[in-house]
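Peer 1: Just start_5.pdb, nothing more (PDB, C-alpha atoms, pLDDT in the B column):
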```pdb
ATOM      1  CA  MET A 740       0.000   0.000   0.000  1.00 72.00           C
ATOM      2  CA  SER A 741       1.092   3.571  -0.625  1.00 79.00           C
ATOM      3  CA  SER A 742       1.916   5.648   2.458  1.00 92.00           C
ATOM      4  CA  LEU A 743      -1.218   7.783   1.962  1.00 90.00           C
ATOM      5  CA  LYS A 744      -3.367   4.668   1.631  1.00 92.00           C
ATOM      6  CA  GLU A 745      -1.723   3.182   4.754  1.00 95.00           C
ATOM      7  CA  LYS A 746      -2.326   6.416   6.675  1.00 93.00           C
ATOM      8  CA  LEU A 747      -5.994   6.464   5.643  1.00 92.00           C
ATOM      9  CA  TYR A 748      -6.425   2.761   6.479  1.00 93.00           C
ATOM     10  CA  ASP A 749      -4.905   3.329   9.937  1.00 95.00           C
ATOM     11  CA  HIS A 750      -7.259   6.286  10.434  1.00 94.00           C
ATOM     12  CA  LEU A 751     -10.304   4.195   9.443  1.00 94.00           C
ATOM     13  CA  VAL A 752      -9.326   1.368  11.803  1.00 95.00           C
ATOM     14  CA  ASN A 753      -8.164   3.441  14.783  1.00 96.00           C
ATOM     15  CA  ASP A 754      -9.667   6.940  14.649  1.00 96.00           C
ATOM     16  CA  VAL A 755     -13.186   6.881  13.175  1.00 97.00           C
ATOM     17  CA  TYR A 756     -15.720   6.830  16.004  1.00 97.00           C
ATOM     18  CA  CYS A 757     -18.447   9.273  14.963  1.00 97.00           C
ATOM     19  CA  LYS A 758     -21.177  10.142  12.506  1.00 96.00           C
ATOM     20  CA  LEU A 759     -23.778  12.883  12.166  1.00 96.00           C
ATOM     21  CA  GLY A 760     -27.394  12.154  13.020  1.00 96.00           C
ATOM     22  CA  VAL A 761     -30.702  13.640  14.130  1.00 97.00           C
ATOM     23  CA  SER A 762     -30.304  14.923  17.688  1.00 95.00           C
ATOM     24  CA  GLY A 763     -32.781  14.669  20.519  1.00 94.00           C
ATOM     25  CA  ILE A 764     -31.100  17.768  21.965  1.00 92.00           C
ATOM     26  CA  HIS A 765     -31.378  19.926  18.871  1.00 88.00           C
ATOM     27  CA  GLY A 766     -31.128  19.589  15.097  1.00 92.00           C
ATOM     28  CA  ILE A 767     -28.085  17.626  14.042  1.00 94.00           C
ATOM     29  CA  GLY A 768     -25.657  16.061  16.499  1.00 96.00           C
ATOM     30  CA  VAL A 769     -22.582  13.837  16.601  1.00 97.00           C
ATOM     31  CA  PHE A 770     -23.113  10.186  17.546  1.00 98.00           C
ATOM     32  CA  ALA A 771     -20.837   7.270  18.443  1.00 98.00           C
ATOM     33  CA  LEU A 772     -20.521   4.666  15.659  1.00 98.00           C
ATOM     34  CA  ARG A 773     -18.933   2.326  18.189  1.00 98.00           C
ATOM     35  CA  GLU A 774     -18.042   2.402  21.880  1.00 98.00           C
ATOM     36  CA  ILE A 775     -15.597   5.195  22.667  1.00 98.00           C
ATOM     37  CA  PRO A 776     -13.275   4.435  25.602  1.00 98.00           C
ATOM     38  CA  ALA A 777     -12.619   7.164  28.176  1.00 98.00           C
ATOM     39  CA  GLY A 778      -9.595   9.261  27.185  1.00 98.00           C
ATOM     40  CA  THR A 779     -10.085   8.694  23.440  1.00 98.00           C
ATOM     41  CA  ALA A 780      -9.987  11.636  21.009  1.00 97.00           C
ATOM     42  CA  PRO A 781     -13.039  10.596  18.944  1.00 97.00           C
ATOM     43  CA  LEU A 782     -12.953  13.502  16.467  1.00 95.00           C
ATOM     44  CA  LYS A 783      -9.378  13.027  15.305  1.00 93.00           C
ATOM     45  CA  SER A 784      -9.229  14.040  11.657  1.00 89.00           C
ATOM     46  CA  LEU A 785      -6.801  14.123   8.779  1.00 88.00           C
ATOM     47  CA  VAL A 786      -7.706  17.776   8.066  1.00 85.00           C
ATOM     48  CA  THR A 787      -6.892  20.929  10.003  1.00 81.00           C
ATOM     49  CA  ASN A 788      -9.366  22.594  12.352  1.00 79.00           C
ATOM     50  CA  LYS A 789      -7.583  25.947  12.266  1.00 86.00           C
ATOM     51  CA  GLU A 790      -9.524  29.132  11.627  1.00 90.00           C
ATOM     52  CA  ILE A 791      -8.883  32.432   9.872  1.00 94.00           C
ATOM     53  CA  LYS A 792     -10.187  35.675  11.345  1.00 95.00           C
ATOM     54  CA  PHE A 793     -12.117  38.149   9.168  1.00 95.00           C
ATOM     55  CA  SER A 794     -13.285  41.658  10.070  1.00 92.00           C
ATOM     56  CA  ARG A 795     -16.709  43.081   9.185  1.00 87.00           C
ATOM     57  CA  THR A 796     -15.037  45.166   6.471  1.00 90.00           C
ATOM     58  CA  GLU A 797     -13.395  42.117   4.922  1.00 93.00           C
ATOM     59  CA  MET A 798     -16.751  40.286   4.893  1.00 91.00           C
ATOM     60  CA  LYS A 799     -18.600  43.184   3.236  1.00 90.00           C
ATOM     61  CA  ASN A 800     -18.818  41.552  -0.227  1.00 93.00           C
ATOM     62  CA  VAL A 801     -19.634  38.044   1.012  1.00 93.00           C
ATOM     63  CA  PRO A 802     -23.248  37.211   0.081  1.00 94.00           C
ATOM     64  CA  SER A 803     -25.683  37.723   2.965  1.00 91.00           C
ATOM     65  CA  SER A 804     -26.788  34.072   2.823  1.00 93.00           C
ATOM     66  CA  VAL A 805     -23.156  32.991   3.318  1.00 93.00           C
ATOM     67  CA  ARG A 806     -22.723  35.493   6.177  1.00 91.00           C
ATOM     68  CA  LYS A 807     -25.835  34.017   7.818  1.00 90.00           C
ATOM     69  CA  HIS A 808     -24.346  30.521   7.430  1.00 89.00           C
ATOM     70  CA  LEU A 809     -21.103  31.735   9.016  1.00 90.00           C
ATOM     71  CA  ALA A 810     -23.082  33.275  11.906  1.00 86.00           C
ATOM     72  CA  MET A 811     -24.757  29.924  12.516  1.00 83.00           C
ATOM     73  CA  PHE A 812     -21.604  27.791  12.540  1.00 83.00           C
ATOM     74  CA  CYS A 813     -18.606  30.002  13.333  1.00 86.00           C
ATOM     75  CA  LEU A 814     -17.410  32.001  16.294  1.00 83.00           C
ATOM     76  CA  ILE A 815     -18.172  35.708  16.008  1.00 86.00           C
ATOM     77  CA  GLU A 816     -16.341  37.787  18.558  1.00 85.00           C
ATOM     78  CA  LYS A 817     -15.753  41.529  18.768  1.00 86.00           C
ATOM     79  CA  GLY A 818     -16.909  42.089  15.199  1.00 85.00           C
ATOM     80  CA  ARG A 819     -14.766  39.338  13.731  1.00 91.00           C
ATOM     81  CA  VAL A 820     -15.785  35.976  12.313  1.00 91.00           C
ATOM     82  CA  PHE A 821     -13.495  32.965  12.661  1.00 91.00           C
ATOM     83  CA  ALA A 822     -13.968  30.895   9.483  1.00 92.00           C
ATOM     84  CA  PRO A 823     -12.517  27.387   9.107  1.00 90.00           C
ATOM     85  CA  GLU A 824      -9.308  27.227   7.087  1.00 90.00           C
ATOM     86  CA  ILE A 825     -10.783  24.282   5.149  1.00 89.00           C
ATOM     87  CA  GLY A 826     -13.725  26.435   4.004  1.00 90.00           C
ATOM     88  CA  MET A 827     -17.431  25.976   4.512  1.00 89.00           C
ATOM     89  CA  ASN A 828     -17.917  23.103   2.044  1.00 88.00           C
ATOM     90  CA  ALA A 829     -16.046  20.586   4.193  1.00 85.00           C
ATOM     91  CA  VAL A 830     -17.320  18.993   7.380  1.00 83.00           C
ATOM     92  CA  ASN A 831     -15.740  19.481  10.778  1.00 85.00           C
ATOM     93  CA  LEU A 832     -17.815  17.212  13.038  1.00 91.00           C
ATOM     94  CA  SER A 833     -17.053  19.304  16.121  1.00 89.00           C
ATOM     95  CA  VAL A 834     -19.257  22.090  14.713  1.00 86.00           C
ATOM     96  CA  TYR A 835     -22.224  19.773  15.312  1.00 92.00           C
ATOM     97  CA  LEU A 836     -21.491  19.011  18.970  1.00 93.00           C
ATOM     98  CA  ASN A 837     -24.469  20.064  21.044  1.00 92.00           C
ATOM     99  CA  HIS A 838     -24.264  21.723  24.453  1.00 91.00           C
ATOM    100  CA  SER A 839     -24.857  19.829  27.695  1.00 93.00           C
ATOM    101  CA  LYS A 840     -24.195  20.582  31.341  1.00 93.00           C
ATOM    102  CA  GLN A 841     -23.390  16.835  31.671  1.00 96.00           C
ATOM    103  CA  PRO A 842     -21.008  16.497  28.699  1.00 97.00           C
ATOM    104  CA  ASN A 843     -19.165  13.357  27.671  1.00 98.00           C
ATOM    105  CA  LEU A 844     -16.320  15.251  25.931  1.00 98.00           C
ATOM    106  CA  LYS A 845     -13.907  17.823  27.287  1.00 96.00           C
ATOM    107  CA  PHE A 846     -10.864  19.673  25.925  1.00 93.00           C
ATOM    108  CA  ASP A 847      -7.580  18.426  27.379  1.00 93.00           C
ATOM    109  CA  ASP A 848      -4.572  20.662  28.109  1.00 92.00           C
ATOM    110  CA  LYS A 849      -3.567  20.486  24.410  1.00 92.00           C
ATOM    111  CA  ASP A 850      -7.063  21.586  23.235  1.00 87.00           C
ATOM    112  CA  VAL A 851      -7.949  18.093  22.000  1.00 92.00           C
ATOM    113  CA  LEU A 852     -11.501  16.902  22.654  1.00 95.00           C
ATOM    114  CA  ARG A 853     -11.426  13.664  24.670  1.00 97.00           C
ATOM    115  CA  ALA A 854     -14.065  11.348  26.079  1.00 98.00           C
ATOM    116  CA  ILE A 855     -14.318  11.933  29.836  1.00 98.00           C
ATOM    117  CA  ARG A 856     -16.027   8.546  30.278  1.00 98.00           C
ATOM    118  CA  THR A 857     -16.849   5.575  28.092  1.00 98.00           C
ATOM    119  CA  ILE A 858     -19.430   6.609  25.485  1.00 98.00           C
ATOM    120  CA  ALA A 859     -21.836   3.929  24.284  1.00 98.00           C
ATOM    121  CA  LYS A 860     -22.439   3.122  20.623  1.00 98.00           C
ATOM    122  CA  GLY A 861     -25.302   5.339  19.405  1.00 98.00           C
ATOM    123  CA  GLU A 862     -24.911   7.900  22.213  1.00 98.00           C
ATOM    124  CA  GLU A 863     -24.757  11.594  21.296  1.00 98.00           C
ATOM    125  CA  LEU A 864     -21.458  13.351  21.980  1.00 98.00           C
ATOM    126  CA  THR A 865     -21.716  16.691  23.810  1.00 96.00           C
ATOM    127  CA  ILE A 866     -19.586  19.394  25.378  1.00 95.00           C
ATOM    128  CA  ASP A 867     -20.309  22.108  27.923  1.00 94.00           C
ATOM    129  CA  TYR A 868     -19.916  25.300  25.879  1.00 86.00           C
ATOM    130  CA  ASP A 869     -19.416  27.440  29.003  1.00 87.00           C
ATOM    131  CA  GLU A 870     -16.633  25.278  30.430  1.00 86.00           C
ATOM    132  CA  SER A 871     -15.036  24.609  27.053  1.00 82.00           C
ATOM    133  CA  PHE A 872     -14.667  28.275  26.190  1.00 71.00           C
ATOM    134  CA  ASP A 873     -13.944  29.659  29.700  1.00 68.00           C
ATOM    135  CA  ASP A 874     -16.996  31.870  29.815  1.00 65.00           C
ATOM    136  CA  GLU A 875     -20.723  31.671  30.228  1.00 69.00           C
ATOM    137  CA  HIS A 876     -21.743  31.575  26.603  1.00 61.00           C
ATOM    138  CA  ASP A 877     -24.176  34.232  25.444  1.00 60.00           C
ATOM    139  CA  PHE A 878     -26.264  32.650  22.707  1.00 54.00           C
ATOM    140  CA  SER A 879     -27.792  36.001  21.718  1.00 56.00           C
ATOM    141  CA  ASP A 880     -24.582  37.793  20.736  1.00 47.00           C
ATOM    142  CA  ASP A 881     -25.356  41.039  18.906  1.00 51.00           C
ATOM    143  CA  ASP A 882     -21.995  40.892  17.106  1.00 46.00           C
ATOM    144  CA  ASP A 883     -23.518  38.646  14.441  1.00 48.00           C
ATOM    145  CA  GLU A 884     -25.696  41.381  12.922  1.00 52.00           C
ATOM    146  CA  ASP A 885     -23.134  42.181  10.217  1.00 52.00           C
ATOM    147  CA  PHE A 886     -22.854  38.509   9.377  1.00 53.00           C
ATOM    148  CA  GLY A 887     -26.404  37.914   8.197  1.00 51.00           C
ATOM    149  CA  GLY A 888     -28.426  38.890  11.242  1.00 49.00           C
ATOM    150  CA  ALA A 889     -28.820  35.337  12.526  1.00 42.00           C
ATOM    151  CA  SER A 890     -28.766  34.886  16.266  1.00 41.00           C
ATOM    152  CA  VAL A 891     -26.598  31.979  17.340  1.00 40.00           C
ATOM    153  CA  ASP A 892     -28.897  29.182  18.452  1.00 37.00           C
ATOM    154  CA  PRO A 893     -27.860  27.729  21.828  1.00 37.00           C
ATOM    155  CA  GLN A 894     -27.815  24.198  20.487  1.00 36.00           C
ATOM    156  CA  ILE A 895     -26.360  24.573  16.998  1.00 34.00           C
ATOM    157  CA  GLY A 896     -22.660  24.292  16.495  1.00 38.00           C
ATOM    158  CA  VAL A 897     -19.715  24.874  18.727  1.00 40.00           C
ATOM    159  CA  PRO A 898     -19.171  28.577  19.204  1.00 41.00           C
ATOM    160  CA  GLY A 899     -15.468  29.191  19.297  1.00 41.00           C
ATOM    161  CA  GLN A 900     -13.282  26.501  17.829  1.00 38.00           C
ATOM    162  CA  ARG A 901     -10.337  28.903  17.532  1.00 34.00           C
ATOM    163  CA  GLY A 902      -8.122  26.300  15.905  1.00 34.00           C
ATOM    164  CA  LYS A 903      -8.571  23.708  18.626  1.00 35.00           C
ATOM    165  CA  ALA A 904      -6.956  20.489  17.488  1.00 31.00           C
ATOM    166  CA  GLN A 905      -9.028  17.354  17.293  1.00 32.00           C
TER
END
```
Show me this structure written as structure tokens.
Peer 2:
Amino acid sequence: MSSLKEKLYDHLVNDVYCKLGVSGIHGIGVFALREIPAGTAPLKSLVTNKEIKFSRTEMKNVPSSVRKHLAMFCLIEKGRVFAPEIGMNAVNLSVYLNHSKQPNLKFDDKDVLRAIRTIAKGEELTIDYDESFDDEHDFSDDDDEDFGGASVDPQIGVPGQRGKAQ
């Protein structure tokens, strides 16, 4: 096998734990395809989760429908939107993690999301937005007005990835 094929095969065998599905919490969520042992990084990916910061001025010519999409799925802070380096046509599963005050994932000291207990096959993966981002999250942030006017729904997406590694 080629080295790329070997790397992908290893990823499929050892790192793929999750899929998207209909959430009982809200909308779309991330679910365990198989049991996830405590301490595992279930969202490990072969693509980067880094983000690029844009100002309101830089986003001026982006279509309003795209700005609304960014407001729904990206961190908006102090008039800046943090868009994924991989663009908006690729999937970063962590964007679909729903909020829970009894989460089963938590960022470790290297900003990697890890299972804090064994997660059963079929169980939804969640994080505590407030704990994960060191602040009580305000789901009605007015900063999104220049990005399509959509209020950030408290259950859709992970506000604030800021390049956190998976």
Peer 1: Taking all atoms listed in the file into account, which of A:Val834, A:Ile825, A:Cys757, A:Leu743 comes nearest Thr779 (chain A)?
Peer 2: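 Ranked by minimum distance to Thr779 (chain A), first place goes to A:Cys757.
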Peer 1: Looking at A:Pro776, A:Thr865, A:Arg819, A:Tyr756, which one is nearest to Thr796 (chain A), with distances taken over all atoms listed in the file?
Peer 2: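 Ranking A:Pro776, A:Thr865, A:Arg819, A:Tyr756 by distance to Thr796 (chain A), first place goes to A:Arg819.
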Peer 1: Quick one: axis-aligned box around all listed atoms of region 798-812 of chain A, 8 Å on every side, centre and edge lengths in Å to one decimal, written as lines of an AutoDock Vina configuration file.
Peer 2:
```
center_x = -21.8
center_y = 35.5
center_z = 6.2
size_x = 26.0
size_y = 31.4
size_z = 28.8
```
Peer 1: Can you work out which one of A:Ile764, A:Ile791, A:Ala771, A:Val752 has the shortest atom-to-atom distance to Lys840 (chain A), counting all atoms listed in the file?
Peer 2: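 The closest residue to Lys840 (chain A) is A:Ile764.
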Peer 1: Name every residue that the PyMOL selection byres ((chain A and resi 787) around 8) selects in this structure, writing the answer as a ChimeraX atom specification with chains first and numbers rising.
Peer 2: /A:784-786,788-789,824-825,904
Peer 1: I want to know what sits within 10 Å of Phe770 (chain A), based on all atoms listed in the file, with residues of the same chain fewer than 3 positions away left out; could you give that as number ranges by chain?
Peer 2: A: 756-762, 767, 773, 832, 835-836, 858-865
Peer 1: How many Å separate CA of Ser871 (chain A) from CA of Asn843 (chain A)?
Peer 2: 12.0 Å
Peer 1: How would you write, as JSON, numbers by chain, the residues chosen by the PyMOL selection byres ((chain A and resi 822) around 6) on this structure?
Peer 2: {"A": [790, 791, 821, 823]}
Peer 1: Using all atoms listed in the file, can you tell me which of A:Leu747, A:Val755, A:Ile866, A:Val805 comes closest to Ser833 (chain A)?
Peer 2: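 Comparing A:Leu747, A:Val755, A:Ile866, A:Val805 against Ser833 (chain A), the winner is A:Ile866.
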Peer 1: What is the CA of Val820 (chain A) to CA of Ala780 (chain A) distance in Å?
Peer 2: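 According to the coordinates, CA of Val820 (chain A) and CA of Ala780 (chain A) are separated by 26.5 Å.
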Peer 1: Name the residues in contact with Asp847 (chain A) at a cut-off of 12 Å, using only C-alpha atoms, excluding same-chain residues fewer than 2 positions from it; report them as a list in words.
Peer 2: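 Residues meeting the cut-off are Gly778, Thr779, Ala780, Leu844, Lys845, Lys849, Asp850, Val851, Leu852, Arg853, Ala854, Ile855, Glu870, Ser871, Lys903, Ala904 and Gln905 of chain A.
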